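What follows is a set of notes on a single structure, which appears directly below.
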Amino acid sequence: MSKMNKILSAIQALAALIAVGAVKIWAPVCGKLLELTNGRQVSMKCHWAGQATIALAVILLLLAVMSLTAKKDFKKFQIVALAGGVMLFLVYGSLIGVCASETMPCQVTALWGRGAAIATIVASLINLLSGKEGQVPN
């Protein structure tokens with residue numbers, strides 16, 4: 001694996017950690033509940049977007065670590081990371097979304113999540129298009 005591949009995989013790991021950190025530490029989604037007409041209360045969609053972000057970020061972190069330690073099949077990890085980055089981006093849009101109000105804290109969470117997704121997507125694309133197999137000769 002080239003030095004550039006290692007740096008890009010490290011960027012992917014950092015992006016995954018940033019996504020989790022945003023949801024859990026510096027830009028958490030609000031904990032408000034929606035009250036339904038029958039009186040039952042349910043979590044808002046931003047809560048579920050946060051949960052999906054954590055799940056995807058853990059997978060992306062594992063992929064980045066496996067990419068860093070891979071002796072062969074490096075590109076396969078990058079293809080899956082690219083797909084995961086696209087899914088993470090879509091979590092805050094067409095898949096789940098966040099509250100419509102611009103004043104809600106989940107708008108900031110979505111910004112961090114999309115940024116982490118873009119960093120993952122770009123790093124994966126560069127790794128895939130670099131033309132280097134990223135394998136160590138036997």
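Quick note on naming: the chains in the structure tokens go A, B, ... in the order shown, residues restart at 1 in each chain, and ligands are numbered from 1 in order of appearance.
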Per residue of segment 70-138 of chain A within 7 Å of segment 39-55 of chain A, which atom pair is closest and at what distance in Å (one decimal), using only C-alpha atoms, listed by chain and increasing number, as a Markdown table?
```
| residue | atom | partner | partner_atom | distance |
| --- | --- | --- | --- | --- |
| A:Leu88 | CA | A:Thr53 | CA | 6.3 |
| A:Val91 | CA | A:Ala49 | CA | 6.0 |
| A:Tyr92 | CA | A:Ala49 | CA | 6.6 |
| A:Ile96 | CA | A:Ala49 | CA | 5.8 |
| A:Gly97 | CA | A:Ala49 | CA | 6.5 |
| A:Val98 | CA | A:Cys46 | CA | 4.5 |
| A:Cys99 | CA | A:Cys46 | CA | 6.3 |
| A:Cys106 | CA | A:Cys46 | CA | 6.2 |
```
DSSP strand (DSSP E) selection over chain A, as a PyMOL selection string: chain A and resi 33-35+41-43
Between atom CA of Leu128 of chain A and atom CA of Ile79 of chain A, what distance in Å does the model show, to one decimal?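 About the pair atom CA of Leu128 of chain A and atom CA of Ile79 of chain A: they are 7.5 Å apart.
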Sorted by chain and rising residue number, list the residues of segment 81-113 of chain A at most 7 Å from segment 16-26 of chain A (counting only C-alpha atoms), each with its closest atom pair and distance in Å to one decimal, as CSV.
```
residue,atom,partner,partner_atom,distance
A:Thr109,CA,A:Ala22,CA,5.9
A:Trp112,CA,A:Ala22,CA,6.3
A:Gly113,CA,A:Ala19,CA,5.2
```
Could you take the residues named above and write them with N, CA, C and O atoms, as a PDB file, in the first residue's frame?
```
ATOM      1  N   THR A 109     -25.864  18.952  12.829  1.00  0.00           N
ATOM      2  CA  THR A 109     -25.463  17.548  12.775  1.00  0.00           C
ATOM      3  C   THR A 109     -25.420  17.076  11.325  1.00  0.00           C
ATOM      4  O   THR A 109     -24.477  16.388  10.911  1.00  0.00           O
ATOM      5  N   TRP A 112     -22.272  18.299   9.538  1.00  0.00           N
ATOM      6  CA  TRP A 112     -21.102  17.490   9.893  1.00  0.00           C
ATOM      7  C   TRP A 112     -21.168  16.122   9.226  1.00  0.00           C
ATOM      8  O   TRP A 112     -20.170  15.616   8.721  1.00  0.00           O
ATOM      9  N   GLY A 113     -22.334  15.509   9.230  1.00  0.00           N
ATOM     10  CA  GLY A 113     -22.498  14.191   8.618  1.00  0.00           C
ATOM     11  C   GLY A 113     -22.246  14.223   7.123  1.00  0.00           C
ATOM     12  O   GLY A 113     -21.561  13.352   6.573  1.00  0.00           O
TER      13      GLY A 113
END
```
Which residue, A:Ala27, A:Ala119, A:Ala83, A:Met1, has the smallest gap to Ala70 of chain A when you use only C-alpha atoms? A:Met1
Using only C-alpha atoms, can you tell me which of A:Ala123, A:Leu90, A:Ala57, A:Met66 comes closest to Ile7 of chain A?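 Result for the nearest residue to Ile7 of chain A: A:Ala123.
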Out of A:Gln12, A:Ser67, A:Asn127, A:Thr37, which residue has the shortest atom-to-atom distance to Gly115 of chain A when counting only C-alpha atoms? A:Gln12
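The closest residue to Arg114 of chain A, picked from A:Ala15, A:Leu68, A:Cys30, A:Leu129 and counting only C-alpha atoms, is A:Ala15.
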